[in-house]
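**Student:** Hey, dropping work07.cif in here, mmCIF, C-alpha atoms, pLDDT in the B column; chains and numbers go by the auth columns:
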```
data_my_file
#
loop_
_atom_site.group_PDB
_atom_site.id
_atom_site.type_symbol
_atom_site.label_atom_id
_atom_site.label_comp_id
_atom_site.label_asym_id
_atom_site.label_seq_id
_atom_site.Cartn_x
_atom_site.Cartn_y
_atom_site.Cartn_z
_atom_site.B_iso_or_equiv
_atom_site.auth_seq_id
_atom_site.auth_asym_id
ATOM 1 C CA MET A 1 128.034 101.492 74.914 93.00 1 A
ATOM 2 C CA GLY A 2 125.509 98.743 75.585 93.00 2 A
ATOM 3 C CA LEU A 3 126.448 98.667 79.262 96.00 3 A
ATOM 4 C CA ILE A 4 125.796 102.407 79.584 96.00 4 A
ATOM 5 C CA LEU A 5 122.344 102.019 77.989 97.00 5 A
ATOM 6 C CA LEU A 6 121.546 99.072 80.270 97.00 6 A
ATOM 7 C CA GLU A 7 122.584 101.103 83.319 97.00 7 A
ATOM 8 C CA ALA A 8 120.465 104.070 82.187 97.00 8 A
ATOM 9 C CA LEU A 9 117.477 101.769 81.687 98.00 9 A
ATOM 10 C CA GLY A 10 117.954 100.306 85.168 97.00 10 A
ATOM 11 C CA ALA A 11 118.197 103.774 86.725 98.00 11 A
ATOM 12 C CA GLY A 12 115.041 104.863 84.905 97.00 12 A
ATOM 13 C CA LEU A 13 113.140 101.803 86.129 98.00 13 A
ATOM 14 C CA VAL A 14 114.275 102.424 89.709 98.00 14 A
ATOM 15 C CA PHE A 15 113.161 106.055 89.413 98.00 15 A
ATOM 16 C CA ILE A 16 109.731 105.035 88.100 97.00 16 A
ATOM 17 C CA LEU A 17 109.397 102.451 90.888 96.00 17 A
ATOM 18 C CA ILE A 18 110.222 105.059 93.561 95.00 18 A
ATOM 19 C CA VAL A 19 107.701 107.540 92.104 93.00 19 A
ATOM 20 C CA TRP A 20 105.016 104.843 91.893 90.00 20 A
ATOM 21 C CA TRP A 21 105.697 103.717 95.463 89.00 21 A
ATOM 22 C CA THR A 22 105.501 107.234 96.895 88.00 22 A
ATOM 23 C CA MET A 23 102.286 108.033 95.004 83.00 23 A
ATOM 24 C CA PHE A 24 100.303 105.008 96.160 75.00 24 A
ATOM 25 C CA SER A 25 101.957 103.746 99.360 76.00 25 A
ATOM 26 C CA GLY A 26 99.654 105.492 101.864 71.00 26 A
ATOM 27 C CA ARG A 27 96.290 105.017 100.169 65.00 27 A
ATOM 28 C CA ARG A 28 94.296 101.813 100.072 68.00 28 A
ATOM 29 C CA LYS A 29 92.339 102.672 96.931 65.00 29 A
ATOM 30 C CA GLY A 30 94.945 104.733 95.051 60.00 30 A
ATOM 31 C CA GLU A 31 94.435 108.366 94.158 61.00 31 A
ATOM 32 C CA LEU A 32 91.670 110.364 95.798 64.00 32 A
ATOM 33 C CA HIS A 33 88.904 111.839 93.656 68.00 33 A
ATOM 34 C CA ASP A 34 87.482 115.339 94.006 68.00 34 A
ATOM 35 C CA GLU A 35 84.220 114.139 95.544 62.00 35 A
ATOM 36 C CA ASP A 36 86.122 112.209 98.239 47.00 36 A
ATOM 37 C CA GLU A 37 88.180 115.161 99.464 51.00 37 A
ATOM 38 C CA ALA A 38 85.472 117.228 101.153 55.00 38 A
ATOM 39 C CA PRO A 39 81.999 116.217 102.248 55.00 39 A
ATOM 40 C CA ASP A 40 79.108 118.183 100.793 53.00 40 A
ATOM 41 C CA ASP A 41 77.359 120.114 103.568 58.00 41 A
ATOM 42 C CA GLY A 42 74.780 121.647 101.251 56.00 42 A
ATOM 43 C CA ASN A 43 76.272 125.139 101.333 55.00 43 A
ATOM 44 C CA GLY A 44 78.165 124.891 98.051 53.00 44 A
ATOM 45 C CA PRO A 45 81.820 125.690 97.483 57.00 45 A
ATOM 46 C CA ALA A 46 83.713 127.667 100.116 54.00 46 A
ATOM 47 C CA GLU A 47 84.647 130.347 97.563 59.00 47 A
ATOM 48 C CA LYS A 48 80.997 131.298 97.108 64.00 48 A
ATOM 49 C CA ASN A 49 80.278 131.406 100.844 65.00 49 A
ATOM 50 C CA PRO A 50 82.986 133.451 102.591 68.00 50 A
ATOM 51 C CA PRO A 51 83.085 133.392 106.393 73.00 51 A
ATOM 52 C CA PRO A 52 81.057 136.087 108.156 78.00 52 A
ATOM 53 C CA LYS A 53 82.828 139.291 109.110 81.00 53 A
ATOM 54 C CA PRO A 54 83.201 139.929 112.864 77.00 54 A
#
```
What would the structure in this file look like if it were written as structure tokens?

**Tutor:**
Amino acid sequence: MGLILLEALGAGLVFILIVWWTMFSGRRKGELHDEDEAPDDGNGPAEKNPPPKP
């Protein structure tokens, strides 16, 4: 019984390690924030300013 619990704990730790690695492996400063995703061009959000009709 104890061996099964130890194996489940090890599998859970490996799973958490894989999730952590895939979340932060490509970014130098961790998760991106909303203000970092798109530069502010002064026009406001794209939903409020639809593209002009041809």

**Student:** Would you work out the distance separating atom CA of A:Leu17 from atom CA of A:Leu5, expressed in Å to one decimal?

**Tutor:**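 Those two atoms sit 18.3 Å apart.
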
**Student:** What does the structure give for the distance between atom CA of A:Thr22 and atom CA of A:Ile4, in Å to one decimal?

**Tutor:**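 Atom CA of A:Ile4 lies at a distance of 27.1 Å from atom CA of A:Thr22.
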
**Student:** Have a look at atom CA of A:Trp21 and atom CA of A:Leu3 and let me know their distance in Å, one decimal.

**Tutor:**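 If I compute the distance from atom CA of A:Trp21 to atom CA of A:Leu3, I get 26.8 Å.
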